[in-house]
Each structure stands twice: as structure tokens, then as C-alpha cells.
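Colleague: Take a look at my_file_20.cif, mmCIF, C-alpha atoms:
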data_protein
loop_
_atom_site.label_atom_id
_atom_site.label_comp_id
_atom_site.auth_asym_id
_atom_site.auth_seq_id
_atom_site.Cartn_x
_atom_site.Cartn_y
_atom_site.Cartn_z
CA MET A 1 -3.96 -13.23 40.56
CA GLU A 2 -0.44 -12.04 39.82
CA LEU A 3 -0.31 -8.50 38.42
CA PRO A 4 2.60 -6.67 36.78
CA PRO A 5 4.91 -4.96 39.31
CA GLY A 6 5.09 -1.21 39.79
CA LEU A 7 1.39 -0.46 39.25
CA SER A 8 -0.33 2.38 41.04
CA GLU A 9 -3.46 1.50 43.01
CA MET A 10 -5.63 2.87 40.18
CA GLU A 11 -3.72 0.85 37.59
CA ARG A 12 -4.03 -2.26 39.76
CA VAL A 13 -7.82 -1.87 39.93
CA ALA A 14 -8.00 -1.20 36.18
CA GLU A 15 -5.91 -4.31 35.50
CA LEU A 16 -8.22 -6.41 37.68
CA SER A 17 -11.20 -5.02 35.78
CA PHE A 18 -9.60 -6.20 32.56
CA ARG A 19 -8.57 -9.64 33.78
CA SER A 20 -11.22 -10.70 36.27
CA ARG A 21 -14.80 -10.27 37.44
CA ASP A 22 -13.26 -9.47 40.82
CA GLY A 23 -12.54 -6.09 39.26
CA THR A 24 -16.06 -4.88 40.05
CA ALA A 25 -15.62 -5.43 43.80
CA ALA A 26 -12.09 -4.01 43.66
CA LEU A 27 -13.36 -0.89 41.91
CA GLU A 28 -16.04 -0.20 44.51
CA GLU A 29 -13.65 -0.87 47.38
CA TRP A 30 -11.10 1.52 45.86
CA LEU A 31 -13.65 4.30 45.43
CA ALA A 32 -15.27 3.71 48.82
CA GLY A 33 -11.82 4.24 50.36
CA GLY A 34 -11.79 7.82 49.10
CA ALA A 35 -9.98 7.44 45.77
CA ASP A 36 -10.42 10.10 43.09
CA PRO A 37 -12.79 8.60 40.45
CA ASP A 38 -11.25 10.96 37.85
CA GLU A 39 -7.65 9.90 38.49
CA ARG A 40 -5.55 9.20 35.39
CA ASP A 41 -2.90 6.56 34.87
CA SER A 42 0.58 7.23 33.51
CA LEU A 43 -0.76 7.22 29.93
CA GLY A 44 -3.60 9.64 30.64
CA ASN A 45 -6.36 7.03 30.70
CA THR A 46 -9.25 7.59 33.08
CA MET A 47 -10.92 4.77 34.97
CA PHE A 48 -13.96 5.34 32.75
CA SER A 49 -11.96 4.81 29.57
CA GLY A 50 -10.16 1.79 30.98
CA ILE A 51 -13.39 0.10 31.99
CA VAL A 52 -15.28 0.82 28.79
CA LEU A 53 -12.41 -0.29 26.58
CA SER A 54 -11.48 -3.44 28.49
CA SER A 55 -14.44 -4.81 30.47
CA PRO A 56 -16.88 -7.41 29.11
CA TYR A 57 -20.23 -5.88 28.14
CA ARG A 58 -22.23 -6.87 31.22
CA GLU A 59 -19.48 -5.90 33.64
CA GLN A 60 -19.24 -2.53 31.90
CA VAL A 61 -22.77 -1.64 32.95
CA GLU A 62 -22.25 -2.28 36.65
CA ARG A 63 -18.81 -0.65 36.69
CA VAL A 64 -20.05 2.47 34.92
CA ARG A 65 -22.88 2.62 37.45
CA ILE A 66 -20.35 2.44 40.32
CA LEU A 67 -18.19 5.22 38.84
CA ILE A 68 -21.24 7.47 38.47
CA LYS A 69 -22.30 6.65 42.04
CA TYR A 70 -18.95 7.89 43.38
CA GLY A 71 -19.02 11.10 41.35
CA ALA A 72 -16.85 10.39 38.32
CA SER A 73 -17.08 13.12 35.66
CA VAL A 74 -19.20 11.75 32.82
CA ASP A 75 -17.66 14.17 30.30
CA LEU A 76 -13.98 13.79 31.22
CA GLU A 77 -11.90 12.89 28.17
CA CYS A 78 -8.97 10.55 28.50
CA SER A 79 -5.63 12.11 27.55
CA ALA A 80 -4.43 9.06 25.65
CA PRO A 81 -5.55 8.81 22.00
CA PRO A 82 -8.27 8.80 20.79
CA SER A 83 -9.10 11.13 23.73
CA PHE A 84 -12.81 10.34 23.75
CA SER A 85 -15.35 11.02 26.49
CA PRO A 86 -17.07 8.04 28.18
CA LEU A 87 -20.17 8.59 26.05
CA HIS A 88 -18.11 8.51 22.84
CA LEU A 89 -16.45 5.27 23.93
CA CYS A 90 -19.78 3.61 24.80
CA ALA A 91 -21.29 4.86 21.54
CA MET A 92 -18.47 3.30 19.54
CA GLN A 93 -19.29 -0.03 21.18
CA GLN A 94 -23.06 0.41 20.71
CA ASN A 95 -23.41 -0.17 24.47
CA HIS A 96 -26.84 1.41 24.83
CA ALA A 97 -27.16 0.49 28.52
CA CYS A 98 -24.02 2.38 29.54
CA MET A 99 -24.96 5.22 27.21
CA ALA A 100 -28.31 5.57 28.98
CA LEU A 101 -26.61 5.61 32.39
CA LEU A 102 -24.22 8.35 31.26
CA LEU A 103 -27.01 10.43 29.72
CA ASP A 104 -29.14 10.07 32.86
CA ALA A 105 -26.13 11.35 34.81
CA GLY A 106 -25.88 14.46 32.63
CA ALA A 107 -23.36 13.55 29.92
CA ASP A 108 -23.20 16.07 27.07
CA ILE A 109 -24.98 14.31 24.22
CA ASN A 110 -23.52 16.65 21.58
CA LYS A 111 -19.97 16.96 22.95
CA TYR A 112 -17.24 17.19 20.32
CA ALA A 113 -14.18 14.94 20.71
CA PRO A 114 -10.73 16.14 19.60
CA ASN A 115 -11.19 14.30 16.29
CA GLY A 116 -14.31 16.38 15.60
CA TRP A 117 -16.86 13.63 16.27
CA THR A 118 -19.99 13.87 18.39
CA PRO A 119 -21.22 10.70 20.16
CA LEU A 120 -23.78 10.25 17.37
CA MET A 121 -21.02 10.27 14.76
CA ALA A 122 -19.05 7.75 16.82
CA ALA A 123 -22.07 5.44 17.07
CA ALA A 124 -23.02 5.84 13.41
CA THR A 125 -19.62 5.18 11.89
CA ARG A 126 -17.93 2.71 14.21
CA LEU A 127 -17.64 -0.81 12.82
CA ASN A 128 -17.48 -3.86 15.05
CA SER A 129 -14.71 -6.40 14.75
CA ASP A 130 -16.91 -8.68 12.65
CA GLY A 131 -16.93 -6.10 9.86
CA GLY A 132 -20.27 -4.45 10.53
CA PHE A 133 -22.58 -2.96 13.13
CA GLY A 134 -23.95 -5.33 15.72
CA ASN A 135 -27.05 -3.12 15.78
CA ILE A 136 -28.04 0.53 15.66
CA ASN A 137 -29.51 0.67 19.17
CA GLY A 138 -26.90 3.20 20.23
CA VAL A 139 -27.85 5.48 17.34
CA ARG A 140 -31.55 5.12 18.14
CA LEU A 141 -30.98 5.92 21.79
CA LEU A 142 -28.94 9.05 21.08
CA VAL A 143 -31.46 10.38 18.57
CA SER A 144 -34.39 9.65 20.90
CA ARG A 145 -32.59 11.55 23.68
CA GLY A 146 -32.04 14.65 21.55
CA ALA A 147 -28.74 14.25 19.68
CA LYS A 148 -28.57 16.92 16.96
CA LEU A 149 -28.64 15.54 13.42
CA ASP A 150 -27.32 18.69 11.74
CA LEU A 151 -23.98 18.93 13.57
CA ARG A 152 -20.97 18.49 11.31
CA GLN A 153 -17.58 16.95 11.97
CA ARG A 154 -15.36 19.69 13.36
CA LEU A 155 -11.63 19.20 12.98
CA PRO A 156 -9.22 21.71 14.58
CA GLU A 157 -8.05 24.73 12.60
CA GLY A 158 -4.86 23.86 10.76
CA HIS A 159 -5.75 20.19 10.38
CA PRO A 160 -5.07 19.12 6.76
CA LEU A 161 -8.64 17.78 6.44
CA HIS A 162 -10.32 20.70 8.23
CA ALA A 163 -11.98 22.10 5.07
CA THR A 164 -13.05 18.79 3.51
CA HIS A 165 -14.23 16.66 6.44
CA ARG A 166 -17.41 18.46 7.43
CA GLN A 167 -20.02 15.72 7.21
CA THR A 168 -23.01 15.10 9.44
CA ALA A 169 -23.47 11.66 11.00
CA GLU A 170 -25.90 10.79 8.21
CA GLU A 171 -23.42 11.82 5.52
CA MET A 172 -20.64 9.86 7.22
CA CYS A 173 -22.77 6.73 6.78
CA ALA A 174 -23.58 7.40 3.15
CA PHE A 175 -20.52 6.04 1.35
CA THR A 176 -21.92 3.69 -1.30
CA TRP A 177 -19.38 0.92 -0.94
CA GLU A 178 -19.88 0.76 2.83
CA ILE A 179 -23.67 0.67 2.52
CA GLN A 180 -23.41 -2.16 0.02
CA ARG A 181 -20.95 -4.12 2.15
CA PHE A 182 -22.36 -3.54 5.64
CA PRO A 183 -26.16 -3.94 5.99
CA MET A 184 -26.30 -2.20 9.37
CA ARG A 185 -24.51 0.82 7.91
CA ALA A 186 -27.36 1.06 5.41
CA ALA A 187 -29.93 0.70 8.22
CA CYS A 188 -28.22 3.46 10.19
CA HIS A 189 -28.11 5.79 7.19
CA ALA A 190 -31.79 5.14 6.40
CA PHE A 191 -32.83 5.78 10.01
CA LEU A 192 -30.97 9.11 10.26
CA ARG A 193 -32.27 10.19 6.84
CA ASP A 194 -35.89 9.34 7.72
CA VAL A 195 -35.72 11.18 11.05
CA ARG A 196 -34.31 14.25 9.29
CA LEU A 197 -36.96 14.17 6.56
CA ALA A 198 -39.71 13.77 9.15
CA GLY A 199 -38.55 16.94 10.90
CA GLY A 200 -37.38 15.32 14.12
CA TYR A 201 -37.59 12.15 16.16
CA ARG A 202 -41.06 12.69 17.62
CA ARG A 203 -42.55 13.33 14.20
CA TYR A 204 -40.72 10.28 12.88
CA VAL A 205 -42.11 7.92 15.52
CA ASN A 206 -45.59 9.44 15.37
CA ALA A 207 -45.96 9.16 11.59
CA PRO A 208 -47.62 5.69 11.75
CA ARG A 209 -50.05 6.99 14.40
CA LYS A 210 -50.99 9.91 12.19
CA THR A 211 -51.67 7.47 9.37
CA ILE A 212 -54.04 5.50 11.61
CA ILE A 213 -55.83 8.68 12.71
CA VAL A 214 -56.32 9.78 9.12
CA LEU A 215 -57.58 6.32 8.14
CA ARG A 216 -60.08 6.36 11.03
CA GLN A 217 -61.39 9.71 9.87
CA LEU A 218 -61.92 8.30 6.38
CA VAL A 219 -63.69 5.22 7.81
CA LEU A 220 -66.02 7.38 9.92
CA ARG A 221 -66.90 9.37 6.79
CA GLY A 222 -67.64 6.21 4.84
CA ARG A 223 -64.71 6.69 2.48
CA ALA A 224 -62.62 3.69 3.55
CA THR A 225 -62.96 0.18 4.99
CA PRO A 226 -61.24 -0.48 8.32
CA PRO A 227 -58.67 -3.28 8.61
CA HIS A 228 -60.13 -6.27 10.45
CA ALA A 229 -57.82 -5.81 13.44
CA LEU A 230 -58.92 -2.18 13.88
CA VAL A 231 -62.70 -2.52 13.46
CA LYS A 232 -63.45 -1.86 17.14
CA LEU A 233 -60.94 0.99 17.41
CA PHE A 234 -62.40 2.63 14.30
CA ALA A 235 -66.01 2.23 15.38
CA ASP A 236 -67.99 5.44 15.83
CA SER A 237 -69.01 4.21 19.28
CA THR A 238 -65.40 4.07 20.49
CA PRO A 239 -64.71 7.21 22.54
CA LYS A 240 -61.93 9.39 21.22
CA GLU A 241 -60.20 9.18 24.60
CA ILE A 242 -59.86 5.40 24.16
CA VAL A 243 -58.34 5.89 20.71
CA TRP A 244 -55.75 8.28 22.17
CA ARG A 245 -54.88 5.84 24.96
CA VAL A 246 -54.45 2.92 22.56
CA LEU A 247 -52.22 4.94 20.25
CA LYS A 248 -50.10 6.22 23.14
CA PHE A 249 -49.32 2.67 24.27
CA TRP A 250 -48.88 1.21 20.81
CA ARG A 251 -45.30 0.84 19.56
CA SER A 252 -44.56 0.65 15.85
CA ASP A 253 -41.39 -0.71 14.29
CA ARG A 254 -40.10 2.87 14.34
CA GLU A 255 -39.66 2.78 18.12
CA PRO A 256 -38.63 -0.73 19.13
CA LEU A 257 -37.82 -1.52 22.73
CA LEU A 258 -34.09 -1.67 23.21
CA PRO A 259 -33.03 -5.11 24.48
CA PRO A 260 -32.57 -5.19 28.25
CA VAL A 261 -29.25 -6.03 29.85
CA GLU A 262 -29.65 -8.91 32.26
CA HIS A 263 -29.09 -8.01 35.93
CA SER A 264 -28.05 -4.49 35.05
CA GLY A 265 -30.79 -2.64 36.89
CA TYR A 266 -31.03 -0.58 33.73
CA PRO A 267 -33.54 2.26 34.19
CA PRO A 268 -36.81 1.47 32.37
CA SER A 269 -36.98 5.00 30.94
CA GLY A 270 -33.89 4.26 28.92
CA HIS A 271 -35.51 1.39 27.04
CA HIS A 272 -38.51 3.25 25.75
CA ALA A 273 -38.88 6.04 23.29
CA PRO A 274 -40.44 9.19 24.78
CA ASP A 275 -44.20 9.01 25.24
CA PRO A 276 -45.98 9.92 22.02
CA ASP A 277 -47.22 13.48 21.89
CA ILE A 278 -50.16 13.37 19.51
CA SER A 279 -52.21 16.50 19.21
CA GLU A 280 -55.98 16.30 18.99
CA ASP A 281 -55.68 18.75 16.12
CA TYR A 282 -55.47 15.70 13.87
CA TYR A 283 -59.21 15.26 14.40
#
Transcribe the structure of this file into C-alpha cells.
Modeller:
Amino acid sequence: MELPPGLSEMERVAELSFRSRDGTAALEEWLAGGADPDERDSLGNTMFSGIVLSSPYREQVERVRILIKYGASVDLECSAPPSFSPLHLCAMQQNHACMALLLDAGADINKYAPNGWTPLMAAATRLNSDGGFGNINGVRLLVSRGAKLDLRQRLPEGHPLHATHRQTAEEMCAFTWEIQRFPMRAACHAFLRDVRLAGGYRRYVNAPRKTIIVLRQLVLRGRATPPHALVKLFADSTPKEIVWRVLKFWRSDREPLLPPVEHSGYPPSGHHAPDPDISEDYY
């Protein structure tokens, strides 16, 4: 493949990553030869930013994995605008697989970018080229991993919008015309609002379990009739330990499994919400 003349070795590898699947092998060969994984090109782009911005989705996952393997800084911002960290860039693309890899490698989940956005803000407000979110999996992943909901956009002192642009990620999703036009924007806003009102992600995902526990108590006291599907679980003869085990494995629509990425080797822990932590105090 003919490449533009005058490219540095890093720029040559980045160009291959953009143009060809051979870029994955070229990247690993370049790094295995002792190259600096945090090297920047003439515009200030890092290899991380070049790969996330230019590689097809599935190639992104493997290439991000390779960069992490060879010690690339997972929080290094590119110098070229918009000067985002790798996690910000993956969040903007709703690439939950790469986001999980970066978080597992220690990326700062609440890092502020120069424009005052956290990764959660980037995931919550970024629109895809088709005019709306592809999904909110990136938002779900960040919140489940501990992204703070109460952080506000933080523009530099002296910026003309410093005093007025101070929204949280939830507030940034709340513009009426955008909610009406983009269904996934509404879904994102509702999710962030419900997690906040529940008092945190664990309480949010455990709310349906608490409802089942309360209903079982009422059934055992003769004050309610159990749903047909839960008759055995609600029976007085069912040991409480079995009830706990069933509820720990059960997944409601509040904690869906994130779709796997084929051949990515994506760590299973990244797909699941944290194990439910239900206190026996509910009995």
C-alpha cells in the first residue's frame, strides 16, 4: 500500500491503522521494536487518539489492547483539539469494550478534559452521525464503574462561558428539543435521573429485588398473592438462602448485559453490573 511521503514511523503505523487491517500487525511490530507508545505526531496526536478516531470498531478493541499491553498511558491527552483522553474519545463513540479495557488498566473515570467534560459527559452528550445515540451502553458502563453523577462541566477561568456552562451530565441531556428529537437522548437522561434519585447505581439496580423481597414478605403474611412464576420462590418452605442466591443471579432490565464484541477477548467482568449487594436487613 502506497503511503504519503515524509511520514515518521509512528505516522506510518497510524496511517496503516486507518487504511488497512494490516495496521494491527504493524502496530504490534512497531511497539515490540521498542517504540514509545506515548509518542506524538507532528500535530500532537497520540497513537491512542489516532486509533480510536480512525480505526473500525472491532479493530479498535484489539489495537487498544495492544497499546495497553506495551504500557501506553491511558490518561494521556492528545495535544491536537479537542485534546481528549483515550477514555473521553471512546466514550464519545459509545465504544463500551474499549472503555472497559481502559478502565481495567486504571484510566481516570472522572478526568476533566480541557473543554470541561468528564468521560460521562462525553458519553451522555455525543451524538452519532445518524443524528442520535446508537445506544447508552457507554453511559451505563461508566455509571456502573463509579462515574460521579454530581460533577459539573468545568471550563477554564476566563472562558466566556465559564459562569453559565456548569451542568452535570444529566442536565446536559435535558434540553427539551433534543429529548423530543433523539429518543436515545431521552433514554440517557432518564437513566441518569433515576440513578440519582435512587441514591446511587447499586440502589438503582437493586430496587426491583427489594420489591420482590417486600412482596414475598406480604405473601408469607397472607396479605398478598404470589405471581404464578414466583410461587415456588415465595413458598414458606423455600430456604432464605435459596431466595438470596436466585436474586443475586437474576438480572432485571435495569442491568442488561452489554453486547459482547466478537473475537475481542473482552473481559467478562466488563459486561456485567457489579454483583448485587442485598442486605438481609430487608427481612
Colleague: Expanded to explicit residues, what is the PyMOL selection byres ((chain A and resi 76) around 9) for this file, as a compact mmCIF listing (two decimals) with C-alpha atoms, keeping the file's coordinate frame?
Modeller:
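Writing the result to result08.txt gives the following:
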# COMPACT_ATOMS: atom_id res chain seq x y z
CA ASP A 38 -11.25 10.96 37.85
CA THR A 46 -9.25 7.59 33.08
CA PHE A 48 -13.96 5.34 32.75
CA ALA A 72 -16.85 10.39 38.32
CA SER A 73 -17.08 13.12 35.66
CA VAL A 74 -19.20 11.75 32.82
CA ASP A 75 -17.66 14.17 30.30
CA GLU A 77 -11.90 12.89 28.17
CA CYS A 78 -8.97 10.55 28.50
CA PHE A 84 -12.81 10.34 23.75
CA SER A 85 -15.35 11.02 26.49
CA PRO A 86 -17.07 8.04 28.18
Colleague: Check which residues satisfy the PyMOL selection byres ((chain A and resi 49) around 10) in the file shown, then give them as a list in words.
Modeller: Ala14, Arg40, Gly44, Asn45, Thr46, Met47, Phe48, Gly50, Ile51, Val52, Leu53, Ser54, Ser55, Val64, Leu76, Glu77, Cys78, Ser79, Ala80, Ser83, Phe84, Ser85, Pro86, Leu87, His88, Leu89 and Cys90 of chain A
Colleague: Here's the selection I'm unsure about, the PyMOL selection byres ((chain A and resi 167) around 12); applied to the file above, which residues does it give, as a PyMOL selection string?
Modeller: chain A and resi 116-118+121+125+149-155+161-166+168-175
Colleague: Got time to write the residues from that selection, C-alpha atoms, as a CSV table (one decimal), in the frame of the given file?
Modeller:
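Everything below was put into part21.csv:
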chain,number,residue,atom,x,y,z
A,116,GLY,CA,-14.3,16.4,15.6
A,117,TRP,CA,-16.9,13.6,16.3
A,118,THR,CA,-20.0,13.9,18.4
A,121,MET,CA,-21.0,10.3,14.8
A,125,THR,CA,-19.6,5.2,11.9
A,149,LEU,CA,-28.6,15.5,13.4
A,150,ASP,CA,-27.3,18.7,11.7
A,151,LEU,CA,-24.0,18.9,13.6
A,152,ARG,CA,-21.0,18.5,11.3
A,153,GLN,CA,-17.6,17.0,12.0
A,154,ARG,CA,-15.4,19.7,13.4
A,155,LEU,CA,-11.6,19.2,13.0
A,161,LEU,CA,-8.6,17.8,6.4
A,162,HIS,CA,-10.3,20.7,8.2
A,163,ALA,CA,-12.0,22.1,5.1
A,164,THR,CA,-13.0,18.8,3.5
A,165,HIS,CA,-14.2,16.7,6.4
A,166,ARG,CA,-17.4,18.5,7.4
A,168,THR,CA,-23.0,15.1,9.4
A,169,ALA,CA,-23.5,11.7,11.0
A,170,GLU,CA,-25.9,10.8,8.2
A,171,GLU,CA,-23.4,11.8,5.5
A,172,MET,CA,-20.6,9.9,7.2
A,173,CYS,CA,-22.8,6.7,6.8
A,174,ALA,CA,-23.6,7.4,3.2
A,175,PHE,CA,-20.5,6.0,1.4
Colleague: Calculated over all atoms listed in the file, which of the candidates A:Arg140, A:Arg196, A:Lys148, A:His228 has the smallest distance to Asn110 in chain A?
Modeller: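 When distances to Asn110 in chain A are compared using all atoms listed in the file, the smallest one comes from A:Lys148.
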Colleague: Could you please determine the separation between CA of Phe249 in chain A and CA of Ser237 in chain A in Å, to one decimal place?
Modeller: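 According to the coordinates, CA of Phe249 in chain A and CA of Ser237 in chain A are separated by 20.4 Å.
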Colleague: Compare A:Val219, A:Ala147, A:Val243, A:Ala124 by their minimum atom-to-atom distance to Phe191 in chain A, counting all atoms listed in the file, and give me the closest one.
Modeller: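 Of all the options, A:Ala124 lies closest to Phe191 in chain A.
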Colleague: Would you mind reading off the distance between CA of Arg21 in chain A and CA of Arg65 in chain A, one decimal, in Å?
Modeller: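 Answer for the CA of Arg21 in chain A to CA of Arg65 in chain A separation: 15.2 Å.
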Colleague: For a quick check of understanding, using only C-alpha atoms, which of A:Arg245, A:Leu120, A:Tyr112, A:Tyr57 has the smallest distance to Asn95 in chain A?
Modeller: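 Residue with the minimum atom-to-atom distance to Asn95 in chain A: A:Tyr57.
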Colleague: In Å, rounded to a single decimal, give me how far CA of Val61 in chain A is from CA of Ala97 in chain A.
Modeller: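 For CA of Ala97 in chain A relative to CA of Val61 in chain A, the distance reads 6.6 Å.
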Colleague: Between A:Ala198, A:Leu16, A:Ile136, A:Leu142, which has the minimum distance to Leu103 in chain A (counting all atoms listed in the file)?
Modeller: A:Leu142
Colleague: Pick the closest to Val195 in chain A from A:Ala229, A:Arg254, A:Ala224, A:Lys248: which is it, counting only C-alpha atoms?
Modeller: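 Distance minimum relative to Val195 in chain A lands on A:Arg254.
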Colleague: May I ask which of the residues A:Gly146, A:Ile68, A:Ser8, A:Ile213 is the closest one to Pro119 in chain A, counting all atoms listed in the file?
Modeller: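 Looking only at the distances to Pro119 in chain A, the closest residue turns out to be A:Gly146.
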